[in-house]
Amino acid sequence: MAAIERLRNPRVMPALVWTAIVLYILLFSFLTVLKHEAFETTAFDLGNMDQAVWNSLSGRFLPFTNWGEEGTRLAYHVDPILILISPLYLLYSDPRTLLVLQSVVVAAGAWPIYLLARQRLGSAFAAVVFPLAYLLFPALEAANLFDFHPTTLVAGLLAFAFYFLEKRKYVHFFVVSALVMSCKEEMALLIVMLGVYAILRQRNWRVGLAAIGLGAVWFVVAVYVIIPHYNPSGKSPYLGAYSHLGQGPVSIIVTALTDPVALVRTLFTVEKLTYLRDLFAPVAYLSFFGPSVLFLSLPTLAIILLSADPQVYTLEKFHYAAPLVPVVVISAVYGTAFLSERLAGKGRISRRTWVCALSGLVLLSTLVYHSSRGFTPVGGKFSLPVVTAHHHLAEEFVAMVPQESVVSAQSELNPHLSQRERIYMFPRVEDAEYVFFDVTADSWPIHPNDQWALFQSLIGDEGFGVLAAEDGYILLRRGLSGAGELPDSFYSFARCEEPEIEYPIVVRFGDVLRLVGFDLLREGSTTSLSLYWQALTPLENDYRIYPFFYDEAGRIIEDTSLRPMTTAIWYPSGQWRSQETVWMQTLPWDVGTDFYVGVGVIDGDDWTALEDRLPAQVVTSTLRVRLFDGDTAVQLAEIRDGKVITPRRLFATPRIPHPMYSNLGDQVDLLGYGVEPTSPTVKETMQLTLYWQARAEMDADYTVFIHLVDGRGNIVAQHDGQPDSGTYPTSQWLPGEVVEDEHALVPALGYGPGEYTLVVGMYDRDNGERLPAYDQDGLALPQNRIALTTIRVQE
């Protein structure tokens, strides 16, 4: 602790804090801009915000055309700060300006937290810990990375508002409070709580009542006047998330007073208790010892925890928790001060020591939590967006759209075209002159089949034509008659020149199709399957590729009936060129963590019609795939706990404890064995590993027999079974494949000490006939069995 306190040079600590602030700004500006360039930002809400800011600069205040008919954001949220931001577009008119601004404002909130910690705790070390806890708070990082929202700006602004209130710089306080309230209608409640704080903690009734009045009036005007005036329903559409408690703030309060059981049922769910647990974990729960500050969060916590919308109480994905973070961190500062004073009064340890110890606990909690849940390069959720050639191609399409035109664009494309008076989110077209969408991206909010049908309608009845199409992108222009055909370059999204396949495989389906590999992709709780196909000959039919996920009982838990594959819709097999590799991918879906992956091909639509399925033949594969349903379906992989556990095939000869060579009917070779123990007692089980190599494809599933015979040829112990405990029958082996086959030989009754011979072989279970056995010189072996070694059994 003494070494840490020597860093109390008045210039060192501020420099460290500002270094952290600058690094945060650089990192998250880079990440958010890169997300935008990788088309990971969306219409909701970067497109919405960019359009509102761009139009506000031209005197059209807060337009909103992506959603609904209202044409203004005031029908949904009251966030006039977007108007104040708009002059920044005079410097650089681009949505990336908003992303950088957001990182700057969020990061700046660390400075007042540093000043408060230094003042309250009197420790240079503690003064640095708490701004670091704020900057490394995963919920705040997630909010910053989730497009742009004025709500996220509140994190930095609220920290300054509280600091100015504590320092009694009331002019600064009211200026920043006005900015906080301009971010969103319910943020006014935070200013009401700051007014209550001024009365209770500072005994400043004038400032407190002014803040309460200012916040309350703005909240009432925004919620009960502005939004109802602009929204056709006469109220905020977001109140629907609280309809189980009432139709508005007043009725929700009445419900809380008259029916507290309903309130308790809403609040005390596993998800919401987990939310609270994780919210306070980075500061080691010290916030609870600073209740005078923590109570400022009550309105925001209530709005979050009383909501029936899971997105609202999802902590580290969306922006809703951003205003809570400065309150959590500052209350932890005050909680540390409180605990340090109480603990110092009960023992010989000084307050300064307790401050350093508790601050160290906060630092440890922050680092541990951030290591698994944070979004920086040292955090468990860090992901670096990748800008591909596909994304660069989109920018070329964007450049084809005139600035003054009305556009309908898909969610991910929307914020790249949002600087215009009117833009709609596809599939809403309205009076759009241009329609731009990407069939390879998530089609939400339209079903993939409906997207295809809408495209057909637009180029058929709606007077649109294909202006450009390539690699899955389609740009339509109204009035371009006679241009309804997609060029060949459009299908490049489904064609792979040199695919990097995780699990190479060759499976023939009839004489027409060949599966050449697959990838299994897991993101969060969802799974998707990528398949790579080749047409062996020009196809006359559109065969139905049928991947499916199923459970241990064979029940299908997910297939492509409701969520079809993009390639199957836009590039059916009847259009494939011979020998080209075609990529197909299932839509991500939650299929659990334990399942099997299968695939088949149908010359028709009904998977249950076995006669319509194409027969499958495994030519080669890296995994031990198996055929079932009369060799018409392929089990590609078994997944447990989200990981592929299907063993890989082995073609190289491994290290064998006891190499040898014998041949069984020109079907399979025995390359050697291993046995433990070599000198067992009469009660010990022997573990035998056999190393087989398939010489040819085998139609039969041969059974392995293992005998322990005495000098008279009597069998004293034996084991018969399919290879690999029955999980890998010989009919699934590929020519040249090496199989490690384990068996357990259990002692039989009356089995005594002595010398025995261990012999093995294979037989056809249907007729009992053994495969002929030959030694390395080609000589036939007696009784068609291979003698491995002599086993000396002890007492």
# chains A, B, ... in the order shown; residues from 1 in each chain; ligands from 1
$ residues_around --residues "range 686-692 of chain A" --least-positions-apart "6" --cutoff "10 Å" --atoms "only C-alpha atoms" --output "mmCIF file with N, CA, C and O atoms, in the first residue's frame"
data_model
loop_
_atom_site.group_PDB
_atom_site.id
_atom_site.type_symbol
_atom_site.label_atom_id
_atom_site.label_comp_id
_atom_site.auth_asym_id
_atom_site.auth_seq_id
_atom_site.Cartn_x
_atom_site.Cartn_y
_atom_site.Cartn_z
ATOM 1 N N THR A 653 -0.898 -44.364 -39.724
ATOM 2 C CA THR A 653 -0.702 -45.405 -38.709
ATOM 3 C C THR A 653 -0.189 -44.783 -37.421
ATOM 4 O O THR A 653 0.846 -44.111 -37.426
ATOM 5 N N PRO A 654 -0.883 -44.978 -36.300
ATOM 6 C CA PRO A 654 -0.424 -44.406 -35.035
ATOM 7 C C PRO A 654 0.679 -45.266 -34.420
ATOM 8 O O PRO A 654 1.052 -46.319 -34.980
ATOM 9 N N ARG A 655 1.195 -44.811 -33.283
ATOM 10 C CA ARG A 655 2.169 -45.654 -32.565
ATOM 11 C C ARG A 655 1.432 -46.834 -31.950
ATOM 12 O O ARG A 655 0.472 -46.665 -31.203
ATOM 13 N N ILE A 656 1.871 -48.031 -32.308
ATOM 14 C CA ILE A 656 1.213 -49.266 -31.858
ATOM 15 C C ILE A 656 2.131 -49.974 -30.869
ATOM 16 O O ILE A 656 3.294 -50.240 -31.189
ATOM 17 N N PRO A 657 1.656 -50.295 -29.675
ATOM 18 C CA PRO A 657 2.528 -50.949 -28.668
ATOM 19 C C PRO A 657 3.151 -52.245 -29.169
ATOM 20 O O PRO A 657 4.328 -52.500 -28.946
ATOM 21 N N HIS A 658 2.354 -53.061 -29.867
ATOM 22 C CA HIS A 658 2.859 -54.350 -30.360
ATOM 23 C C HIS A 658 2.481 -54.504 -31.836
ATOM 24 O O HIS A 658 1.434 -55.084 -32.168
ATOM 25 N N PRO A 659 3.300 -53.991 -32.740
ATOM 26 C CA PRO A 659 2.981 -54.087 -34.173
ATOM 27 C C PRO A 659 3.016 -55.541 -34.650
ATOM 28 O O PRO A 659 3.787 -56.371 -34.144
ATOM 29 N N MET A 660 2.187 -55.845 -35.614
ATOM 30 C CA MET A 660 2.164 -57.158 -36.253
ATOM 31 C C MET A 660 1.358 -57.001 -37.540
ATOM 32 O O MET A 660 0.891 -55.895 -37.856
ATOM 33 N N TYR A 661 1.169 -58.069 -38.261
ATOM 34 C CA TYR A 661 0.358 -57.964 -39.470
ATOM 35 C C TYR A 661 -0.362 -59.287 -39.694
ATOM 36 O O TYR A 661 0.236 -60.368 -39.671
ATOM 37 N N SER A 662 -1.667 -59.186 -39.897
ATOM 38 C CA SER A 662 -2.495 -60.313 -40.315
ATOM 39 C C SER A 662 -3.603 -59.766 -41.184
ATOM 40 O O SER A 662 -3.996 -58.603 -41.071
ATOM 41 N N ASN A 663 -4.127 -60.633 -42.050
ATOM 42 C CA ASN A 663 -5.173 -60.221 -42.979
ATOM 43 C C ASN A 663 -6.412 -61.074 -42.744
ATOM 44 O O ASN A 663 -6.326 -62.286 -42.545
ATOM 45 N N VAL A 668 -9.948 -56.630 -44.128
ATOM 46 C CA VAL A 668 -9.370 -55.781 -43.097
ATOM 47 C C VAL A 668 -8.054 -56.401 -42.632
ATOM 48 O O VAL A 668 -7.903 -57.633 -42.609
ATOM 49 N N ASP A 669 -7.089 -55.534 -42.291
ATOM 50 C CA ASP A 669 -5.808 -55.981 -41.746
ATOM 51 C C ASP A 669 -5.757 -55.669 -40.266
ATOM 52 O O ASP A 669 -6.291 -54.634 -39.806
ATOM 53 N N LEU A 670 -5.104 -56.536 -39.523
ATOM 54 C CA LEU A 670 -4.778 -56.244 -38.127
ATOM 55 C C LEU A 670 -3.333 -55.780 -38.082
ATOM 56 O O LEU A 670 -2.416 -56.543 -38.413
ATOM 57 N N LEU A 671 -3.124 -54.505 -37.677
ATOM 58 C CA LEU A 671 -1.784 -53.924 -37.674
ATOM 59 C C LEU A 671 -1.050 -54.127 -36.355
ATOM 60 O O LEU A 671 0.158 -53.898 -36.293
ATOM 61 N N GLY A 672 -1.754 -54.513 -35.315
ATOM 62 C CA GLY A 672 -1.108 -54.708 -34.030
ATOM 63 C C GLY A 672 -2.101 -54.578 -32.904
ATOM 64 O O GLY A 672 -3.314 -54.474 -33.116
ATOM 65 N N TYR A 673 -1.578 -54.537 -31.684
ATOM 66 C CA TYR A 673 -2.463 -54.508 -30.519
ATOM 67 C C TYR A 673 -1.728 -53.894 -29.336
ATOM 68 O O TYR A 673 -0.503 -53.704 -29.351
ATOM 69 N N GLY A 674 -2.481 -53.626 -28.305
ATOM 70 C CA GLY A 674 -1.963 -53.242 -27.004
ATOM 71 C C GLY A 674 -2.810 -53.907 -25.953
ATOM 72 O O GLY A 674 -4.035 -54.035 -26.102
ATOM 73 N N VAL A 675 -2.207 -54.359 -24.867
ATOM 74 C CA VAL A 675 -2.967 -55.028 -23.814
ATOM 75 C C VAL A 675 -2.431 -54.616 -22.450
ATOM 76 O O VAL A 675 -1.226 -54.502 -22.248
ATOM 77 N N GLU A 676 -3.325 -54.353 -21.526
ATOM 78 C CA GLU A 676 -2.984 -53.999 -20.148
ATOM 79 C C GLU A 676 -3.969 -54.675 -19.203
ATOM 80 O O GLU A 676 -5.183 -54.624 -19.437
ATOM 81 N N PRO A 677 -3.485 -55.300 -18.119
ATOM 82 C CA PRO A 677 -2.069 -55.575 -17.846
ATOM 83 C C PRO A 677 -1.605 -56.803 -18.615
ATOM 84 O O PRO A 677 -2.417 -57.615 -19.046
ATOM 85 N N THR A 678 -0.299 -56.938 -18.780
ATOM 86 C CA THR A 678 0.243 -58.081 -19.522
ATOM 87 C C THR A 678 0.324 -59.337 -18.661
ATOM 88 O O THR A 678 0.349 -60.434 -19.185
ATOM 89 N N SER A 679 0.350 -59.163 -17.343
ATOM 90 C CA SER A 679 0.354 -60.312 -16.420
ATOM 91 C C SER A 679 -0.719 -60.078 -15.372
ATOM 92 O O SER A 679 -0.434 -59.703 -14.227
ATOM 93 N N PRO A 680 -1.991 -60.252 -15.733
ATOM 94 C CA PRO A 680 -3.071 -59.944 -14.805
ATOM 95 C C PRO A 680 -3.217 -61.000 -13.718
ATOM 96 O O PRO A 680 -2.720 -62.125 -13.852
ATOM 97 N N VAL A 704 -16.283 -58.586 -33.801
ATOM 98 C CA VAL A 704 -14.940 -58.961 -33.336
ATOM 99 C C VAL A 704 -15.087 -59.967 -32.203
ATOM 100 O O VAL A 704 -15.902 -59.767 -31.282
ATOM 101 N N ILE A 706 -12.826 -62.094 -29.213
ATOM 102 C CA ILE A 706 -11.568 -62.174 -28.460
ATOM 103 C C ILE A 706 -11.686 -63.370 -27.525
ATOM 104 O O ILE A 706 -12.626 -63.440 -26.717
ATOM 105 N N PRO A 723 -17.087 -53.306 -33.318
ATOM 106 C CA PRO A 723 -15.939 -52.451 -33.017
ATOM 107 C C PRO A 723 -16.345 -51.175 -32.271
ATOM 108 O O PRO A 723 -17.438 -50.633 -32.473
ATOM 109 N N ASP A 724 -15.408 -50.705 -31.437
ATOM 110 C CA ASP A 724 -15.569 -49.448 -30.699
ATOM 111 C C ASP A 724 -16.868 -49.443 -29.900
ATOM 112 O O ASP A 724 -17.681 -48.519 -29.983
ATOM 113 N N GLY A 736 -8.502 -47.922 -46.343
ATOM 114 C CA GLY A 736 -7.300 -47.273 -45.834
ATOM 115 C C GLY A 736 -7.443 -46.699 -44.439
ATOM 116 O O GLY A 736 -6.447 -46.285 -43.825
ATOM 117 N N GLU A 737 -8.648 -46.693 -43.893
ATOM 118 C CA GLU A 737 -8.868 -46.094 -42.573
ATOM 119 C C GLU A 737 -8.346 -47.011 -41.467
ATOM 120 O O GLU A 737 -8.529 -48.232 -41.503
ATOM 121 N N VAL A 738 -7.680 -46.385 -40.498
ATOM 122 C CA VAL A 738 -7.182 -47.113 -39.327
ATOM 123 C C VAL A 738 -8.151 -46.874 -38.166
ATOM 124 O O VAL A 738 -8.523 -45.736 -37.888
ATOM 125 N N VAL A 739 -8.550 -47.974 -37.513
ATOM 126 C CA VAL A 739 -9.527 -47.894 -36.429
ATOM 127 C C VAL A 739 -8.921 -48.459 -35.159
ATOM 128 O O VAL A 739 -8.448 -49.609 -35.149
ATOM 129 N N GLU A 740 -8.914 -47.631 -34.102
ATOM 130 C CA GLU A 740 -8.493 -48.106 -32.780
ATOM 131 C C GLU A 740 -9.726 -48.665 -32.077
ATOM 132 O O GLU A 740 -10.673 -47.938 -31.790
ATOM 133 N N ASP A 741 -9.681 -49.947 -31.802
ATOM 134 C CA ASP A 741 -10.853 -50.679 -31.323
ATOM 135 C C ASP A 741 -10.571 -51.239 -29.926
ATOM 136 O O ASP A 741 -9.717 -52.118 -29.770
ATOM 137 N N GLU A 742 -11.281 -50.732 -28.933
ATOM 138 C CA GLU A 742 -11.023 -51.134 -27.546
ATOM 139 C C GLU A 742 -12.053 -52.163 -27.066
ATOM 140 O O GLU A 742 -13.255 -52.027 -27.336
ATOM 141 N N HIS A 743 -11.559 -53.148 -26.342
ATOM 142 C CA HIS A 743 -12.407 -54.200 -25.778
ATOM 143 C C HIS A 743 -11.938 -54.512 -24.364
ATOM 144 O O HIS A 743 -10.747 -54.376 -24.045
ATOM 145 N N ALA A 744 -12.869 -54.957 -23.535
ATOM 146 C CA ALA A 744 -12.546 -55.379 -22.163
ATOM 147 C C ALA A 744 -12.806 -56.873 -22.043
ATOM 148 O O ALA A 744 -13.892 -57.358 -22.381
ATOM 149 N N LEU A 745 -11.810 -57.589 -21.564
ATOM 150 C CA LEU A 745 -11.926 -59.035 -21.381
ATOM 151 C C LEU A 745 -12.041 -59.326 -19.888
ATOM 152 O O LEU A 745 -11.093 -59.140 -19.121
ATOM 153 N N VAL A 746 -13.246 -59.742 -19.471
ATOM 154 C CA VAL A 746 -13.546 -59.934 -18.052
ATOM 155 C C VAL A 746 -13.275 -61.385 -17.674
ATOM 156 O O VAL A 746 -13.674 -62.309 -18.401
ATOM 157 N N PRO A 747 -12.594 -61.648 -16.548
ATOM 158 C CA PRO A 747 -12.311 -63.030 -16.127
ATOM 159 C C PRO A 747 -13.601 -63.822 -15.925
ATOM 160 O O PRO A 747 -14.613 -63.293 -15.453
ATOM 161 N N LEU A 758 -3.951 -65.395 -26.201
ATOM 162 C CA LEU A 758 -4.959 -64.401 -26.553
ATOM 163 C C LEU A 758 -5.129 -64.413 -28.070
ATOM 164 O O LEU A 758 -4.167 -64.163 -28.811
ATOM 165 N N VAL A 760 -7.778 -63.454 -31.613
ATOM 166 C CA VAL A 760 -8.853 -62.571 -32.084
ATOM 167 C C VAL A 760 -9.229 -62.943 -33.502
ATOM 168 O O VAL A 760 -8.497 -63.641 -34.207
#
$ select_by_dssp --residues "range 475-506 of chain A" --states "helix (DSSP H, G or I)" --output "list in words"
Asp488, Ser489, Phe490, Tyr491, Ser492, Phe493 and Ala494 of chain A
$ residues_around --residues "Gln635 in chain A" --least-positions-apart "5" --cutoff "10 Å" --atoms "only C-alpha atoms" --output "count of residues only"
15
$ residues_around --residues "Arg613 in chain A" --least-positions-apart "3" --cutoff "9 Å" --atoms "only C-alpha atoms" --output "list in words"
Phe509, Gly600, Val601, Ile602, Asp603, Gly604, Asp606, Trp607, Thr608, Ala609, Leu610, Ala616, Thr632 and Ala633 of chain A
$ atom_distance --atom1 "CA of Tyr242 in chain A" --atom2 "CA of Thr65 in chain A"
25.7 Å
$ residues_around --residues "range 457-461 of chain A" --least-positions-apart "5" --cutoff "12 Å" --atoms "only C-alpha atoms" --output "list in words"
Pro427, Arg428, Val429, Glu430, Ala432, Glu433, Tyr434, Val435, Phe436, Asp450, Gln451, Trp452, Val466, Leu467, Ile474, Leu475, Leu476, Arg477, Arg478, Gly479, Leu480, Ser481, Gly482, Ala483, Gly484, Glu485 and Leu486 of chain A
$ write_last_selection --atoms "C-alpha atoms" --output "short mmCIF file (atom, residue, chain, number, x, y, z; two decimals), in the first residue's frame"
data_model
loop_
_atom_site.label_atom_id
_atom_site.label_comp_id
_atom_site.auth_asym_id
_atom_site.auth_seq_id
_atom_site.Cartn_x
_atom_site.Cartn_y
_atom_site.Cartn_z
CA PRO A 427 -39.44 -4.56 -46.84
CA ARG A 428 -41.34 -1.26 -46.50
CA VAL A 429 -41.16 0.30 -49.97
CA GLU A 430 -43.86 3.00 -50.13
CA ALA A 432 -39.12 4.57 -52.75
CA GLU A 433 -37.33 5.09 -56.02
CA TYR A 434 -34.55 2.64 -55.11
CA VAL A 435 -34.66 -0.65 -53.19
CA PHE A 436 -31.43 -2.16 -51.86
CA ASP A 450 -41.50 -13.51 -48.49
CA GLN A 451 -38.36 -11.61 -49.45
CA TRP A 452 -38.15 -13.65 -52.64
CA VAL A 466 -32.60 -4.64 -61.60
CA LEU A 467 -30.13 -1.75 -61.76
CA ILE A 474 -29.77 -6.47 -55.40
CA LEU A 475 -30.31 -2.79 -56.23
CA LEU A 476 -33.66 -2.05 -57.86
CA ARG A 477 -34.78 1.18 -59.50
CA ARG A 478 -38.36 2.18 -60.12
CA GLY A 479 -39.25 2.63 -63.78
CA LEU A 480 -36.43 0.44 -65.10
CA SER A 481 -38.66 -1.69 -67.28
CA GLY A 482 -37.49 -4.89 -68.90
CA ALA A 483 -34.68 -5.50 -66.39
CA GLY A 484 -36.05 -8.36 -64.34
CA GLU A 485 -33.27 -10.91 -64.77
CA LEU A 486 -30.50 -11.33 -62.19
#
$ residues_around --residues "Arg522 in chain A" --least-positions-apart "4" --cutoff "9 Å" --atoms "only C-alpha atoms" --output "list in words"
Thr526, Thr527, Ser528, Leu529, Pro588 and Gly642 of chain A
$ write_last_selection --atoms "N, CA, C and O atoms" --output "compact mmCIF listing (two decimals), in the first residue's frame"
# COMPACT_ATOMS: atom_id res chain seq x y z
N THR A 526 -27.13 -19.95 -30.41
CA THR A 526 -27.64 -20.38 -31.71
C THR A 526 -26.61 -21.20 -32.48
O THR A 526 -25.40 -21.07 -32.28
N THR A 527 -27.12 -22.04 -33.36
CA THR A 527 -26.28 -22.91 -34.18
C THR A 527 -26.73 -22.80 -35.64
O THR A 527 -27.92 -22.70 -35.92
N SER A 528 -25.77 -22.79 -36.53
CA SER A 528 -26.09 -22.87 -37.96
C SER A 528 -25.10 -23.83 -38.62
O SER A 528 -23.99 -24.05 -38.13
N LEU A 529 -25.54 -24.40 -39.71
CA LEU A 529 -24.76 -25.40 -40.44
C LEU A 529 -24.49 -24.91 -41.85
O LEU A 529 -25.41 -24.52 -42.56
N PRO A 588 -29.41 -19.25 -38.27
CA PRO A 588 -29.08 -19.54 -36.87
C PRO A 588 -30.35 -19.80 -36.05
O PRO A 588 -31.35 -19.10 -36.21
N GLY A 642 -22.35 -28.33 -26.75
CA GLY A 642 -22.01 -27.37 -27.79
C GLY A 642 -20.76 -27.69 -28.58
O GLY A 642 -20.35 -26.89 -29.42
$ residues_around --residues "range 172-179 of chain A" --least-positions-apart "2" --cutoff "10 Å" --atoms "only C-alpha atoms" --output "ChimeraX atom specification"
/A:79-81,84,150,153-154,157-170,181-184,187-188,190-192,194,207,210-211,214-215,218
$ closest_residue --among "A:Trp111, A:Ala142, A:Gly510, A:His77" --to "Leu239 in chain A" --atoms "only C-alpha atoms"
A:His77
$ closest_residue --among "A:Ala553, A:Val329, A:Ala108, A:Ala469" --to "Tyr24 in chain A" --atoms "only C-alpha atoms"
A:Ala108
$ atom_distance --atom1 "CA of Ala107 in chain A" --atom2 "CA of Glu141 in chain A"
10.0 Å
$ atom_distance --atom1 "CA of Gln693 in chain A" --atom2 "CA of His719 in chain A"
20.5 Å
